[in-house]
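K.L.:
What follows is final17.cif; its format and atoms are mmCIF, C-alpha atoms and all ligand atoms.
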```
data_entry
loop_
_atom_site.label_atom_id
_atom_site.label_comp_id
_atom_site.auth_asym_id
_atom_site.auth_seq_id
_atom_site.Cartn_x
_atom_site.Cartn_y
_atom_site.Cartn_z
CA MET H 15 198.93 -115.86 6.39
CA ASP H 16 195.23 -115.12 6.72
CA VAL H 17 193.76 -113.79 3.48
CA ILE H 18 190.53 -111.87 4.01
CA ILE H 19 188.47 -111.00 0.93
CA VAL H 20 186.05 -108.09 1.31
CA ASN H 21 183.82 -106.33 -1.20
CA ASP H 22 185.62 -103.02 -1.37
CA ASN H 23 188.22 -100.78 0.22
CA LEU H 24 185.80 -99.18 2.67
CA GLU H 25 184.81 -102.54 4.11
CA GLY H 26 188.49 -103.50 4.24
CA CYS H 27 189.53 -100.27 5.95
CA THR H 28 186.71 -100.51 8.50
CA LEU H 29 187.86 -104.03 9.41
CA GLY H 30 191.48 -102.89 9.46
CA ALA H 31 190.64 -100.02 11.81
CA LYS H 32 188.82 -102.43 14.10
CA ILE H 33 191.85 -104.74 14.24
CA ILE H 34 194.16 -101.81 15.09
CA SER H 35 191.77 -100.29 17.63
CA ASP H 36 191.48 -103.68 19.35
CA VAL H 37 195.27 -103.68 19.77
CA VAL H 38 195.12 -100.17 21.29
CA LYS H 39 192.24 -101.14 23.60
CA THR H 40 194.08 -104.25 24.82
CA LYS H 41 197.41 -102.47 25.27
CA SER H 42 197.07 -98.76 26.00
CA ASN H 43 200.78 -98.17 25.31
CA ALA H 44 200.73 -100.08 22.02
CA VAL H 45 203.39 -99.37 19.42
CA LEU H 46 201.88 -98.96 15.97
CA GLY H 47 203.78 -99.26 12.70
CA LEU H 48 202.05 -97.00 10.19
CA ALA H 49 201.96 -96.66 6.41
CA THR H 50 201.16 -93.82 4.05
CA GLY H 51 199.80 -93.97 0.49
CA LYS H 52 196.24 -93.90 -0.79
CA THR H 53 195.23 -97.30 0.56
CA PRO H 54 195.06 -96.58 4.34
CA ILE H 55 193.38 -93.15 4.12
CA PRO H 56 189.85 -94.47 4.94
CA LEU H 57 191.36 -96.60 7.74
CA TYR H 58 192.81 -93.48 9.34
CA GLY H 59 189.40 -91.82 8.91
CA GLU H 60 187.86 -94.73 10.84
CA LEU H 61 190.43 -94.43 13.64
CA VAL H 62 189.64 -90.70 13.93
CA LYS H 63 185.95 -91.59 14.11
CA LYS H 64 186.61 -94.16 16.84
CA HIS H 65 188.59 -91.56 18.76
CA ASN H 66 185.81 -88.95 18.45
CA GLU H 67 182.79 -91.18 18.92
CA GLU H 68 184.03 -94.04 21.10
CA GLY H 69 186.84 -92.33 22.99
CA LEU H 70 189.59 -94.52 21.54
CA ASP H 71 192.56 -93.24 23.52
CA PHE H 72 196.01 -92.71 21.98
CA THR H 73 197.58 -90.92 24.98
CA ASN H 74 200.19 -93.62 25.55
CA VAL H 75 200.41 -94.98 22.03
CA LYS H 76 203.66 -94.68 20.08
CA SER H 77 203.94 -94.83 16.32
CA PHE H 78 206.67 -95.48 13.77
CA ASN H 79 206.10 -94.83 10.09
CA LEU H 80 207.58 -97.01 7.43
CA ASP H 81 209.22 -94.39 5.30
CA GLU H 82 209.82 -90.82 4.19
CA TYR H 83 211.01 -89.27 0.95
CA TYR H 84 214.65 -88.20 1.00
CA ASN H 85 215.47 -84.53 0.98
CA VAL H 86 211.85 -83.43 1.26
CA PRO H 87 211.10 -81.03 4.16
CA PRO H 88 208.50 -82.32 6.65
CA THR H 89 206.35 -79.23 6.05
CA LYS H 90 206.04 -79.94 2.31
CA GLU H 91 202.69 -81.31 1.20
CA GLY H 92 204.06 -84.45 -0.52
CA SER H 93 206.10 -85.48 2.51
CA TYR H 94 204.94 -88.35 4.67
CA HIS H 95 205.31 -86.17 7.78
CA TYR H 96 202.71 -83.85 6.28
CA PHE H 97 200.49 -86.77 5.24
CA MET H 98 200.48 -88.33 8.71
CA ASN H 99 199.80 -85.05 10.49
CA TYR H 100 196.97 -84.28 8.10
CA GLN H 101 195.36 -87.75 7.95
CA LEU H 102 195.77 -88.83 11.56
CA PHE H 103 198.06 -87.25 14.13
CA SER H 104 196.38 -83.83 14.22
CA LYS H 105 192.95 -85.46 14.59
CA ILE H 106 193.59 -87.82 17.53
CA ASN H 107 195.16 -87.39 20.97
CA ILE H 108 198.51 -89.03 20.18
CA LYS H 109 201.44 -87.07 21.64
CA LYS H 110 203.59 -85.48 18.96
CA GLU H 111 206.76 -86.75 20.69
CA ASN H 112 205.41 -90.31 20.50
CA THR H 113 205.10 -90.22 16.71
CA HIS H 114 208.09 -91.12 14.57
CA VAL H 115 208.60 -90.70 10.83
CA PRO H 116 212.12 -91.06 9.38
CA ASN H 117 213.84 -87.71 8.94
CA GLY H 118 214.25 -87.35 5.19
CA MET H 119 216.36 -84.21 5.74
CA ALA H 120 218.93 -85.96 7.95
CA GLN H 121 222.52 -84.85 7.27
CA ASP H 122 223.89 -88.14 8.54
CA VAL H 123 221.54 -90.69 7.00
CA GLU H 124 223.25 -93.74 8.45
CA LYS H 125 222.99 -92.29 11.95
CA GLU H 126 219.32 -91.44 11.38
CA CYS H 127 218.60 -95.00 10.22
CA ASN H 128 220.46 -96.61 13.12
CA GLU H 129 218.69 -94.36 15.63
CA TYR H 130 215.32 -95.16 14.05
CA GLU H 131 215.97 -98.87 14.59
CA GLU H 132 217.15 -98.20 18.13
CA ASN H 133 214.03 -96.14 18.91
CA ILE H 134 211.81 -99.00 17.75
CA ARG H 135 213.73 -101.43 19.96
CA ASN H 136 213.60 -99.05 22.95
CA ALA H 137 209.85 -98.72 22.52
CA GLY H 138 209.58 -102.50 22.93
CA GLY H 139 209.11 -103.33 19.23
CA ILE H 140 206.11 -102.82 16.98
CA ASP H 141 202.88 -104.48 18.14
CA ILE H 142 201.07 -104.18 14.82
CA GLN H 143 202.50 -103.02 11.51
CA LEU H 144 200.14 -101.65 8.88
CA LEU H 145 201.29 -102.12 5.29
CA GLY H 146 200.16 -101.28 1.78
CA ILE H 147 201.79 -102.93 -1.21
CA GLY H 148 203.23 -101.45 -4.39
CA ARG H 149 202.24 -102.72 -7.83
CA ASP H 150 205.71 -104.28 -8.01
CA GLY H 151 205.32 -106.04 -4.66
CA HIS H 152 207.25 -103.51 -2.56
CA ILE H 153 206.46 -102.99 1.12
CA GLY H 154 207.76 -99.83 2.72
CA PHE H 155 210.06 -98.71 -0.08
CA ASN H 156 211.79 -102.07 -0.28
CA GLU H 157 211.80 -102.49 -4.03
CA PRO H 158 212.25 -105.75 -6.00
CA SER H 159 215.78 -107.19 -5.65
CA CYS H 160 216.22 -105.73 -2.13
CA SER H 161 217.72 -107.83 0.63
CA LEU H 162 215.03 -109.77 2.47
CA THR H 163 216.88 -109.12 5.73
CA SER H 164 217.47 -105.39 5.12
CA ARG H 165 217.24 -102.76 7.85
CA THR H 166 216.25 -99.08 7.81
CA ARG H 167 218.25 -97.32 5.10
CA LEU H 168 218.26 -94.95 2.15
CA GLU H 169 216.80 -96.61 -0.95
CA ALA H 170 216.27 -95.69 -4.59
CA LEU H 171 212.71 -95.71 -5.92
CA MET H 172 211.84 -97.64 -9.07
CA GLU H 173 210.33 -95.70 -11.97
CA ASP H 174 207.01 -97.53 -11.59
CA THR H 175 206.84 -96.46 -7.93
CA ARG H 176 207.69 -92.84 -8.81
CA GLU H 177 204.90 -92.91 -11.42
CA ALA H 178 202.37 -94.51 -9.04
CA ASN H 179 203.03 -91.74 -6.49
CA ILE H 180 203.02 -88.75 -8.85
CA SER H 181 199.98 -87.30 -7.08
CA ASP H 182 202.17 -86.68 -3.99
CA PHE H 183 204.20 -84.06 -5.91
CA GLY H 184 202.19 -83.24 -9.04
CA SER H 185 204.63 -84.36 -11.76
CA ILE H 186 207.25 -87.04 -12.42
CA GLU H 187 210.00 -84.37 -12.51
CA LEU H 188 209.15 -83.32 -8.97
CA MET H 189 208.97 -86.89 -7.65
CA PRO H 190 211.93 -87.76 -5.40
CA HIS H 191 214.29 -90.54 -6.49
CA TYR H 192 215.12 -91.74 -2.98
CA ALA H 193 213.48 -92.51 0.34
CA ILE H 194 214.46 -93.64 3.82
CA THR H 195 212.60 -96.86 4.53
CA MET H 196 212.37 -99.44 7.27
CA GLY H 197 213.96 -102.63 5.97
CA ILE H 198 212.29 -105.95 5.35
CA GLY H 199 214.11 -107.31 8.43
CA THR H 200 212.70 -104.42 10.48
CA ILE H 201 209.15 -105.04 9.25
CA MET H 202 209.42 -108.79 9.88
CA GLU H 203 210.14 -108.13 13.58
CA ALA H 204 206.67 -106.62 14.13
CA LYS H 205 204.57 -108.88 16.33
CA GLU H 206 201.59 -108.67 13.99
CA ILE H 207 201.24 -107.48 10.40
CA LEU H 208 198.17 -106.14 8.64
CA LEU H 209 198.50 -105.59 4.90
CA LEU H 210 195.80 -103.91 2.81
CA ALA H 211 195.54 -104.07 -0.99
CA PHE H 212 192.64 -102.89 -3.08
CA GLY H 213 191.89 -102.61 -6.78
CA GLU H 214 192.87 -104.26 -10.03
CA SER H 215 196.30 -102.63 -10.16
CA LYS H 216 197.37 -104.73 -7.15
CA GLN H 217 196.40 -108.14 -8.63
CA ASP H 218 199.92 -109.21 -9.60
CA ALA H 219 201.45 -107.97 -6.36
CA VAL H 220 198.80 -109.82 -4.32
CA LYS H 221 199.36 -113.00 -6.32
CA GLY H 222 203.11 -112.79 -5.60
CA LEU H 223 202.53 -111.96 -1.94
CA VAL H 224 200.08 -114.77 -1.20
CA GLU H 225 200.83 -117.58 -3.65
CA GLY H 226 204.14 -116.74 -5.26
CA PRO H 227 207.51 -118.20 -4.35
CA ILE H 228 209.40 -116.25 -1.70
CA THR H 229 211.62 -114.01 -3.75
CA SER H 230 213.23 -110.61 -3.44
CA MET H 231 211.63 -109.84 -6.81
CA CYS H 232 208.35 -109.60 -4.86
CA PRO H 233 209.60 -108.36 -1.47
CA ALA H 234 206.15 -108.76 0.14
CA SER H 235 206.35 -112.53 -0.45
CA ILE H 236 208.65 -112.80 2.59
CA LEU H 237 205.55 -112.18 4.73
CA GLN H 238 204.72 -115.86 4.10
CA MET H 239 207.42 -116.52 6.72
CA HIS H 240 205.82 -114.30 9.37
CA PRO H 241 203.65 -116.14 11.93
CA ASN H 242 200.93 -113.49 12.33
CA VAL H 243 199.87 -111.77 9.11
CA LYS H 244 196.44 -110.68 7.95
CA VAL H 245 196.04 -109.62 4.33
CA ILE H 246 192.83 -107.73 3.60
CA ILE H 247 192.05 -107.46 -0.11
CA ASP H 248 188.99 -106.59 -2.15
CA ILE H 249 187.50 -108.75 -4.88
CA ALA H 250 189.25 -106.76 -7.62
CA ALA H 251 192.69 -107.39 -6.09
CA SER H 252 191.95 -111.09 -5.53
CA LYS H 253 191.28 -111.99 -9.15
CA LYS H 254 194.61 -113.73 -9.90
CA LEU H 255 194.60 -115.92 -6.78
CA SER H 256 194.00 -119.63 -7.36
CA LYS H 257 192.49 -120.54 -3.97
CA ILE H 258 189.77 -117.90 -3.75
CA ASP H 259 187.08 -120.28 -2.43
CA PHE H 260 189.34 -121.31 0.44
CA TYR H 261 190.17 -117.69 1.32
CA LYS H 262 186.46 -116.83 1.28
CA GLU H 263 185.70 -119.63 3.73
CA LYS H 264 188.51 -118.47 5.97
CA THR H 265 187.25 -114.90 5.70
CA LYS H 266 183.91 -115.98 7.23
CA LEU H 267 185.75 -117.57 10.16
CA ILE H 268 187.97 -114.55 10.79
CA ILE H 269 185.16 -112.02 10.44
CA ASN H 270 183.03 -114.00 12.89
CA ASN H 271 185.94 -113.95 15.36
CA GLU H 272 186.32 -110.19 14.94
CA LYS H 273 182.67 -109.53 15.85
C1 LIG U 1 203.85 -96.13 2.16
C2 LIG U 1 204.56 -97.32 1.69
C3 LIG U 1 204.29 -97.95 0.38
C4 LIG U 1 202.81 -97.99 -0.03
C5 LIG U 1 202.64 -98.60 -1.40
C6 LIG U 1 201.20 -98.59 -1.85
O1 LIG U 1 204.28 -95.76 3.45
O2 LIG U 1 205.38 -97.77 2.41
O3 LIG U 1 204.79 -99.27 0.39
O4 LIG U 1 202.10 -98.73 0.94
O5 LIG U 1 203.41 -97.90 -2.33
O6 LIG U 1 200.77 -97.28 -2.02
P1 LIG U 1 199.23 -96.94 -2.27
O7 LIG U 1 198.52 -97.24 -1.03
O8 LIG U 1 199.22 -95.46 -2.59
O9 LIG U 1 198.80 -97.78 -3.43
#
```
Rewrite the structure from the file as structure tokens, please.
Ligand code: F6R
P.N.:
Amino acid sequence: MDVIIVNDNLEGCTLGAKIISDVVKTKSNAVLGLATGKTPIPLYGELVKKHNEEGLDFTNVKSFNLDEYYNVPPTKEGSYHYFMNYQLFSKINIKKENTHVPNGMAQDVEKECNEYEENIRNAGGIDIQLLGIGRDGHIGFNEPSCSLTSRTRLEALMEDTREANISDFGSIELMPHYAITMGIGTIMEAKEILLLAFGESKQDAVKGLVEGPITSMCPASILQMHPNVKVIIDIAASKKLSKIDFYKEKTKLIINNEK
């Protein structure tokens, strides 16, 4: 796991966008695993900028999002379909039919989840998976105590997660209780993983992810077992780590390689 410490979220998102755009430049039909939430918004802004100003081409790119709220129509503002269209898809030249977000309105949820997995496999697997992290250590909506080999499925959201995401729906009463999420096993099959975490509220989650024991109580900690993970954090999120000097040295190396 490469831990990269940057000054702030903008620096982190600019670096993250560069890493993703390099994948797209190297492989024009790259398969991207995408995340929603507040964290990646500036990263999507950077990708849009690279598309507009540098001609970054998404014509043959496919994407699979991590999750979608259950029973929320894709046209509703809090839905992750809406988020992705607004933040990215409508602003770049990706083909609509090449973008995938779980269907939170599916009548047969098990079928939807199995087909989602099958579509990822048929696309050749995910080349790079972008992740945020919840304050409780969740990735996707794989909450503490989940199976570390889980697949795409319907999951319940913890109260802390519902509270953290209130701004999606305006009030706790309107926040969904369930979501369809890629599983931990699904995420772990991505060839490369890029996780972003910024701000003080992510300190405990980052500590568990990077230095904690591997435990389902911090689902992100399983990423320690993945051979190709970059974790980009800002100084505020790094505060509880014990090996900060080492990560800073490594950061210099990695940033020099990215230039
Ligand atoms: C979003 C997702 C979640 C978020 C996490 C952090 O698709 O899967 O795991 O990445 O809840 O959210 P933010 O970025 O809003 O702090």
K.L.:
As a PDB file with C-alpha atoms, keeping the file's coordinate frame, please: every protein or nucleic acid residue near ligand LIG 1 (chain U) (cut-off 9 Å, counting only C-alpha atoms and all ligand atoms).
P.N.:
```pdb
ATOM      1  CA  LEU H  48     202.050 -97.000  10.190  1.00  0.00           C
ATOM      2  CA  ALA H  49     201.960 -96.660   6.410  1.00  0.00           C
ATOM      3  CA  THR H  50     201.160 -93.820   4.050  1.00  0.00           C
ATOM      4  CA  GLY H  51     199.800 -93.970   0.490  1.00  0.00           C
ATOM      5  CA  LYS H  52     196.240 -93.900  -0.790  1.00  0.00           C
ATOM      6  CA  THR H  53     195.230 -97.300   0.560  1.00  0.00           C
ATOM      7  CA  PRO H  54     195.060 -96.580   4.340  1.00  0.00           C
ATOM      8  CA  ILE H  55     193.380 -93.150   4.120  1.00  0.00           C
ATOM      9  CA  ASN H  79     206.100 -94.830  10.090  1.00  0.00           C
ATOM     10  CA  LEU H  80     207.580 -97.010   7.430  1.00  0.00           C
ATOM     11  CA  ASP H  81     209.220 -94.390   5.300  1.00  0.00           C
ATOM     12  CA  GLU H  82     209.820 -90.820   4.190  1.00  0.00           C
ATOM     13  CA  TYR H  94     204.940 -88.350   4.670  1.00  0.00           C
ATOM     14  CA  LEU H 144     200.140-101.650   8.880  1.00  0.00           C
ATOM     15  CA  LEU H 145     201.290-102.120   5.290  1.00  0.00           C
ATOM     16  CA  GLY H 146     200.160-101.280   1.780  1.00  0.00           C
ATOM     17  CA  ILE H 147     201.790-102.930  -1.210  1.00  0.00           C
ATOM     18  CA  GLY H 148     203.230-101.450  -4.390  1.00  0.00           C
ATOM     19  CA  ARG H 149     202.240-102.720  -7.830  1.00  0.00           C
ATOM     20  CA  ASP H 150     205.710-104.280  -8.010  1.00  0.00           C
ATOM     21  CA  GLY H 151     205.320-106.040  -4.660  1.00  0.00           C
ATOM     22  CA  HIS H 152     207.250-103.510  -2.560  1.00  0.00           C
ATOM     23  CA  ILE H 153     206.460-102.990   1.120  1.00  0.00           C
ATOM     24  CA  GLY H 154     207.760 -99.830   2.720  1.00  0.00           C
ATOM     25  CA  PHE H 155     210.060 -98.710  -0.080  1.00  0.00           C
ATOM     26  CA  ASN H 156     211.790-102.070  -0.280  1.00  0.00           C
ATOM     27  CA  GLU H 157     211.800-102.490  -4.030  1.00  0.00           C
ATOM     28  CA  THR H 175     206.840 -96.460  -7.930  1.00  0.00           C
ATOM     29  CA  ALA H 178     202.370 -94.510  -9.040  1.00  0.00           C
ATOM     30  CA  ASN H 179     203.030 -91.740  -6.490  1.00  0.00           C
ATOM     31  CA  THR H 195     212.600 -96.860   4.530  1.00  0.00           C
ATOM     32  CA  MET H 196     212.370 -99.440   7.270  1.00  0.00           C
ATOM     33  CA  LEU H 209     198.500-105.590   4.900  1.00  0.00           C
ATOM     34  CA  LEU H 210     195.800-103.910   2.810  1.00  0.00           C
ATOM     35  CA  ALA H 211     195.540-104.070  -0.990  1.00  0.00           C
ATOM     36  CA  PHE H 212     192.640-102.890  -3.080  1.00  0.00           C
ATOM     37  CA  SER H 215     196.300-102.630 -10.160  1.00  0.00           C
ATOM     38  CA  LYS H 216     197.370-104.730  -7.150  1.00  0.00           C
TER      39      LYS H 216
END
```
K.L.:
Would you please work out which residue, of H:Ala251, H:Ala31, H:Ala204, H:Val45, is nearest to H:Leu223 when using all atoms listed in the file?
P.N.:
H:Ala251
K.L.:
Can you measure atom CA of H:Asn43 to atom CA of H:Met98 for me? One decimal in Å is fine.
P.N.:
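Distance reported for this atom pair: 19.3 Å.
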K.L.:
Find the residue from H:Thr163, H:Ser104, H:Thr73, H:Ser252 that sits nearest to H:Ala44; use only C-alpha atoms when measuring.
P.N.:
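Nearest candidate to H:Ala44 out of H:Thr163, H:Ser104, H:Thr73, H:Ser252: H:Thr73.
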K.L.:
Check the smallest atom-to-atom distance from each of H:Arg165, H:Ser181, H:Gln143, H:His240 to H:Glu129 using only C-alpha atoms, then report the winner.
P.N.:
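Using only C-alpha atoms, the shortest distance to H:Glu129 belongs to H:Arg165.
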K.L.:
Can you measure atom CA of H:Asn23 to atom CA of H:Gln217 for me? One decimal in Å is fine.
P.N.:
14.1 Å
K.L.:
Looking at H:Leu168, H:Met15, H:Leu61, H:Ile134, which one is nearest to H:Gln101, with distances taken over only C-alpha atoms?
P.N.:
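Ranked by minimum distance to H:Gln101, first place goes to H:Leu61.
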K.L.:
Tell me which of H:Ile34, H:Ile269, H:Val115, H:Met189 sits closest to H:Pro88, counting all atoms listed in the file.
P.N.:
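Of H:Ile34, H:Ile269, H:Val115, H:Met189, the one nearest H:Pro88 is H:Val115, counting all atoms listed in the file.
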K.L.:
Quick one: residues within 12 Å of H:Lys105, all atoms listed in the file counted, chain neighbours fewer than 3 positions away excluded, as a PyMOL selection string?
P.N.:
chain H and resi 58-66+70-72+98-102+108-110
K.L.:
Which residues are close to H:Gln238, i.e. within 12 Å by only C-alpha atoms, leaving aside same-chain residues fewer than 4 positions away? Reply as a ChimeraX atom specification.
P.N.:
/H:15-17,202,207,220,222-229,232-234,242-245
K.L.:
Would you mind reading off the distance between atom CA of H:Glu173 and atom CA of H:Ser161, one decimal, in Å?
P.N.:
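Atom CA of H:Glu173 sits 19.0 Å away from atom CA of H:Ser161.
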K.L.:
Find, counting all atoms listed in the file, the residue in H:Ile140, H:Leu208, H:Ile258, H:Ala170 that gets nearest to H:Lys32.
P.N.:
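Checking each of H:Ile140, H:Leu208, H:Ile258, H:Ala170 against H:Lys32, counting all atoms listed in the file, the winner is H:Leu208.
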K.L.:
How would stretch 236-265 of chain H read, as a PDB file, in the coordinates of the input, once N, CA and C atoms are built in?
P.N.:
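This is the output file rebuild_24.pdb:
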```pdb
ATOM      1  N   ILE H 236     207.990-112.344   1.366  1.00  0.00           N
ATOM      2  CA  ILE H 236     208.650-112.800   2.590  1.00  0.00           C
ATOM      3  C   ILE H 236     207.659-112.867   3.757  1.00  0.00           C
ATOM      4  N   LEU H 237     206.546-112.155   3.643  1.00  0.00           N
ATOM      5  CA  LEU H 237     205.550-112.180   4.730  1.00  0.00           C
ATOM      6  C   LEU H 237     204.982-113.585   4.923  1.00  0.00           C
ATOM      7  N   GLN H 238     205.141-114.451   3.925  1.00  0.00           N
ATOM      8  CA  GLN H 238     204.720-115.860   4.100  1.00  0.00           C
ATOM      9  C   GLN H 238     205.464-116.511   5.260  1.00  0.00           C
ATOM     10  N   MET H 239     206.612-115.953   5.629  1.00  0.00           N
ATOM     11  CA  MET H 239     207.420-116.520   6.720  1.00  0.00           C
ATOM     12  C   MET H 239     207.073-115.917   8.077  1.00  0.00           C
ATOM     13  N   HIS H 240     206.169-114.948   8.099  1.00  0.00           N
ATOM     14  CA  HIS H 240     205.820-114.300   9.370  1.00  0.00           C
ATOM     15  C   HIS H 240     204.643-115.061   9.996  1.00  0.00           C
ATOM     16  N   PRO H 241     204.690-115.306  11.320  1.00  0.00           N
ATOM     17  CA  PRO H 241     203.650-116.140  11.930  1.00  0.00           C
ATOM     18  C   PRO H 241     202.287-115.467  12.131  1.00  0.00           C
ATOM     19  N   ASN H 242     202.195-114.160  11.991  1.00  0.00           N
ATOM     20  CA  ASN H 242     200.930-113.490  12.330  1.00  0.00           C
ATOM     21  C   ASN H 242     200.617-112.358  11.342  1.00  0.00           C
ATOM     22  N   VAL H 243     200.146-112.761  10.165  1.00  0.00           N
ATOM     23  CA  VAL H 243     199.870-111.770   9.110  1.00  0.00           C
ATOM     24  C   VAL H 243     198.424-111.879   8.663  1.00  0.00           C
ATOM     25  N   LYS H 244     197.748-110.726   8.596  1.00  0.00           N
ATOM     26  CA  LYS H 244     196.440-110.680   7.950  1.00  0.00           C
ATOM     27  C   LYS H 244     196.565-109.826   6.703  1.00  0.00           C
ATOM     28  N   VAL H 245     196.026-110.346   5.597  1.00  0.00           N
ATOM     29  CA  VAL H 245     196.040-109.620   4.330  1.00  0.00           C
ATOM     30  C   VAL H 245     194.590-109.340   3.978  1.00  0.00           C
ATOM     31  N   ILE H 246     194.209-108.074   3.959  1.00  0.00           N
ATOM     32  CA  ILE H 246     192.830-107.730   3.600  1.00  0.00           C
ATOM     33  C   ILE H 246     192.827-107.193   2.173  1.00  0.00           C
ATOM     34  N   ILE H 247     192.100-107.892   1.299  1.00  0.00           N
ATOM     35  CA  ILE H 247     192.050-107.460  -0.110  1.00  0.00           C
ATOM     36  C   ILE H 247     190.592-107.376  -0.548  1.00  0.00           C
ATOM     37  N   ASP H 248     190.350-106.608  -1.602  1.00  0.00           N
ATOM     38  CA  ASP H 248     188.990-106.590  -2.150  1.00  0.00           C
ATOM     39  C   ASP H 248     188.908-107.590  -3.309  1.00  0.00           C
ATOM     40  N   ILE H 249     187.695-107.747  -3.831  1.00  0.00           N
ATOM     41  CA  ILE H 249     187.500-108.750  -4.880  1.00  0.00           C
ATOM     42  C   ILE H 249     188.374-108.439  -6.095  1.00  0.00           C
ATOM     43  N   ALA H 250     188.456-107.140  -6.445  1.00  0.00           N
ATOM     44  CA  ALA H 250     189.250-106.760  -7.620  1.00  0.00           C
ATOM     45  C   ALA H 250     190.711-107.180  -7.473  1.00  0.00           C
ATOM     46  N   ALA H 251     191.261-107.046  -6.285  1.00  0.00           N
ATOM     47  CA  ALA H 251     192.690-107.390  -6.090  1.00  0.00           C
ATOM     48  C   ALA H 251     192.908-108.888  -5.971  1.00  0.00           C
ATOM     49  N   SER H 252     191.806-109.638  -5.770  1.00  0.00           N
ATOM     50  CA  SER H 252     191.950-111.090  -5.530  1.00  0.00           C
ATOM     51  C   SER H 252     191.924-111.917  -6.800  1.00  0.00           C
ATOM     52  N   LYS H 253     191.629-111.270  -7.925  1.00  0.00           N
ATOM     53  CA  LYS H 253     191.280-111.990  -9.150  1.00  0.00           C
ATOM     54  C   LYS H 253     192.314-112.994  -9.653  1.00  0.00           C
ATOM     55  N   LYS H 254     193.604-112.790  -9.372  1.00  0.00           N
ATOM     56  CA  LYS H 254     194.610-113.730  -9.900  1.00  0.00           C
ATOM     57  C   LYS H 254     194.952-114.856  -8.926  1.00  0.00           C
ATOM     58  N   LEU H 255     194.312-114.863  -7.764  1.00  0.00           N
ATOM     59  CA  LEU H 255     194.600-115.920  -6.780  1.00  0.00           C
ATOM     60  C   LEU H 255     193.931-117.222  -7.213  1.00  0.00           C
ATOM     61  N   SER H 256     194.576-118.349  -6.903  1.00  0.00           N
ATOM     62  CA  SER H 256     194.000-119.630  -7.360  1.00  0.00           C
ATOM     63  C   SER H 256     193.123-120.284  -6.293  1.00  0.00           C
ATOM     64  N   LYS H 257     193.228-119.848  -5.039  1.00  0.00           N
ATOM     65  CA  LYS H 257     192.490-120.540  -3.970  1.00  0.00           C
ATOM     66  C   LYS H 257     191.394-119.657  -3.368  1.00  0.00           C
ATOM     67  N   ILE H 258     190.724-118.905  -4.222  1.00  0.00           N
ATOM     68  CA  ILE H 258     189.770-117.900  -3.750  1.00  0.00           C
ATOM     69  C   ILE H 258     188.678-118.510  -2.851  1.00  0.00           C
ATOM     70  N   ASP H 259     188.161-119.684  -3.224  1.00  0.00           N
ATOM     71  CA  ASP H 259     187.080-120.280  -2.430  1.00  0.00           C
ATOM     72  C   ASP H 259     187.543-120.553  -0.999  1.00  0.00           C
ATOM     73  N   PHE H 260     188.765-121.042  -0.884  1.00  0.00           N
ATOM     74  CA  PHE H 260     189.340-121.310   0.440  1.00  0.00           C
ATOM     75  C   PHE H 260     189.482-120.018   1.240  1.00  0.00           C
ATOM     76  N   TYR H 261     189.995-118.966   0.599  1.00  0.00           N
ATOM     77  CA  TYR H 261     190.170-117.690   1.320  1.00  0.00           C
ATOM     78  C   TYR H 261     188.817-117.136   1.756  1.00  0.00           C
ATOM     79  N   LYS H 262     187.795-117.351   0.915  1.00  0.00           N
ATOM     80  CA  LYS H 262     186.460-116.830   1.280  1.00  0.00           C
ATOM     81  C   LYS H 262     185.912-117.550   2.496  1.00  0.00           C
ATOM     82  N   GLU H 263     186.140-118.857   2.549  1.00  0.00           N
ATOM     83  CA  GLU H 263     185.700-119.630   3.730  1.00  0.00           C
ATOM     84  C   GLU H 263     186.410-119.140   4.975  1.00  0.00           C
ATOM     85  N   LYS H 264     187.714-118.939   4.839  1.00  0.00           N
ATOM     86  CA  LYS H 264     188.510-118.470   5.970  1.00  0.00           C
ATOM     87  C   LYS H 264     188.065-117.072   6.400  1.00  0.00           C
ATOM     88  N   THR H 265     187.704-116.265   5.417  1.00  0.00           N
ATOM     89  CA  THR H 265     187.250-114.900   5.700  1.00  0.00           C
ATOM     90  C   THR H 265     186.054-114.941   6.655  1.00  0.00           C
TER      91      THR H 265
END
```
